[in-house]
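Reading through the structure tokens given below for one structure.
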Amino acid sequence: MEGNKKVKLKTKTLLSAAIAATSMIPGMAAAQDTYNWTGWSGGISLSSISGDGAQAPAIATLGGIPDQSPDGFALGGQIAYDNQFSNNMVLGVVADVSFANADGSVADGNFLRQTSEINSLGGLKARIGYASGK
């Protein structure tokens, strides 16, 4: 019976060594190390805004409203949710909003001032991807 215990101990030792050795192989470690992209995320953003307004050529030749170039900044944030499916496809949605302070002003040929301003920006986006790891 004592010999049988030694065989079991050697078998357990060899099995433990084999498991430890396979975890050091790069491909094997990646297969065991899974990550799930399902969940919420969010963030804040600070953006620069610059624009260049242009008229249609026919209006410009008739002496229409001069081109405006609004500029400024925007501060905002976004929130997102992603869902990873069992086939590693990831679908998500992102909503964002920014509050802006961007304006432009130009005088036309009739002593009038034309102004433009951007107060807010927002969007709702869908995203799709494939999870291939971290």
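Starting from 1 in every chain, residues are counted up; chains themselves are A, B, ... following the order of the structure tokens, and ligands are numbered from 1 as listed.
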(request) Skip Gly92 (chain A) itself and residues of its chain fewer than 5 positions away, then list as a count of residues only all residues within 6 Å of it, counting only C-alpha atoms. (result) 4
Long-range neighbours of Trp37 (chain A) as an mmCIF file with all heavy atoms, in the first residue's frame, 9 Å cut-off, only C-alpha atoms, 5 positions minimum in chain:
```cif
data_model
loop_
_atom_site.group_PDB
_atom_site.id
_atom_site.type_symbol
_atom_site.label_atom_id
_atom_site.label_comp_id
_atom_site.auth_asym_id
_atom_site.auth_seq_id
_atom_site.Cartn_x
_atom_site.Cartn_y
_atom_site.Cartn_z
ATOM 1 N N ASP A 82 -22.302 48.840 -23.620
ATOM 2 C CA ASP A 82 -21.937 47.803 -24.579
ATOM 3 C C ASP A 82 -22.399 46.449 -24.064
ATOM 4 O O ASP A 82 -22.414 46.220 -22.853
ATOM 5 C CB ASP A 82 -20.419 47.760 -24.780
ATOM 6 C CG ASP A 82 -19.899 49.013 -25.433
ATOM 7 O OD1 ASP A 82 -20.443 49.389 -26.480
ATOM 8 O OD2 ASP A 82 -18.951 49.618 -24.898
ATOM 9 N N ASN A 83 -22.747 45.568 -24.996
ATOM 10 C CA ASN A 83 -23.135 44.209 -24.642
ATOM 11 C C ASN A 83 -22.347 43.238 -25.516
ATOM 12 O O ASN A 83 -22.411 43.318 -26.739
ATOM 13 C CB ASN A 83 -24.637 44.004 -24.843
ATOM 14 C CG ASN A 83 -25.090 42.669 -24.308
ATOM 15 O OD1 ASN A 83 -24.693 42.267 -23.220
ATOM 16 N ND2 ASN A 83 -25.917 41.974 -25.064
ATOM 17 N N GLN A 84 -21.568 42.355 -24.864
ATOM 18 C CA GLN A 84 -20.818 41.335 -25.581
ATOM 19 C C GLN A 84 -21.627 40.048 -25.600
ATOM 20 O O GLN A 84 -22.060 39.559 -24.566
ATOM 21 C CB GLN A 84 -19.456 41.091 -24.933
ATOM 22 C CG GLN A 84 -18.633 40.049 -25.655
ATOM 23 C CD GLN A 84 -17.244 39.908 -25.079
ATOM 24 O OE1 GLN A 84 -16.713 40.825 -24.465
ATOM 25 N NE2 GLN A 84 -16.637 38.753 -25.277
ATOM 26 N N VAL A 90 -19.819 42.577 -30.208
ATOM 27 C CA VAL A 90 -20.138 43.598 -29.214
ATOM 28 C C VAL A 90 -21.000 44.654 -29.890
ATOM 29 O O VAL A 90 -20.617 45.215 -30.918
ATOM 30 C CB VAL A 90 -18.853 44.242 -28.637
ATOM 31 C CG1 VAL A 90 -19.218 45.310 -27.613
ATOM 32 C CG2 VAL A 90 -17.947 43.194 -28.022
ATOM 33 N N ALA A 131 -14.903 41.348 -30.083
ATOM 34 C CA ALA A 131 -13.963 41.256 -28.958
ATOM 35 C C ALA A 131 -12.926 40.172 -29.258
ATOM 36 O O ALA A 131 -13.255 39.003 -29.330
ATOM 37 C CB ALA A 131 -14.711 40.927 -27.672
ATOM 38 N N LYS A 134 -8.322 41.582 -24.614
ATOM 39 C CA LYS A 134 -8.355 42.819 -23.827
ATOM 40 C C LYS A 134 -8.064 43.992 -24.717
ATOM 41 O O LYS A 134 -8.266 45.089 -24.454
ATOM 42 C CB LYS A 134 -7.339 42.757 -22.697
ATOM 43 C CG LYS A 134 -7.780 41.827 -21.610
ATOM 44 C CD LYS A 134 -6.829 41.894 -20.447
ATOM 45 C CE LYS A 134 -7.267 41.002 -19.320
ATOM 46 N NZ LYS A 134 -6.419 41.052 -18.181
#
```
(message) Please report the interatomic distance between CA of Ser50 (chain A) and CA of Thr115 (chain A) in Å with one decimal.
(response)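 Taking CA of Ser50 (chain A) and CA of Thr115 (chain A), their separation equals 14.5 Å.
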(request) Could you check how far CA of Lys125 (chain A) sits from CA of Val94 (chain A), in Å to one decimal? (result)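 Pair CA of Lys125 (chain A) / CA of Val94 (chain A) returns 5.1 Å.
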(message) What's around Ala95 (chain A) at 9 Å? Count only C-alpha atoms, leave out sequence neighbours fewer than 2 positions away in its own chain, and write the answer as a PyMOL selection string.
(response) chain A and resi 77-80+93+97+122-126
(message) Which residues are near Ser120 (chain A)? Cut-off 9 Å, only C-alpha atoms, ignore same chain within fewer than 5 positions. Put them as a list in words.
(response) Ala74, Val97, Ser98, Phe99, Ala100 and Asn101 of chain A
(message) One number please: CA of Asp96 (chain A) to CA of Leu121 (chain A), in Å, one decimal.
(response)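 Distance between the two atoms: 8.2 Å.
When only C-alpha atoms are used to measure the gap to Gln114 (chain A), the shortest distance among A:Gly76, A:Gly133, A:Gly42, A:Pro70 belongs to A:Pro70.
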(request) With a distance cut-off of 7 Å and only C-alpha atoms, select the neighbouring residues of region 103-106 of chain A, excluding the residue or stretch itself and same-chain residues fewer than 5 positions from it, and output the selection as an MDAnalysis selection string. (result) chainID A and resid 66 68:72 113:118
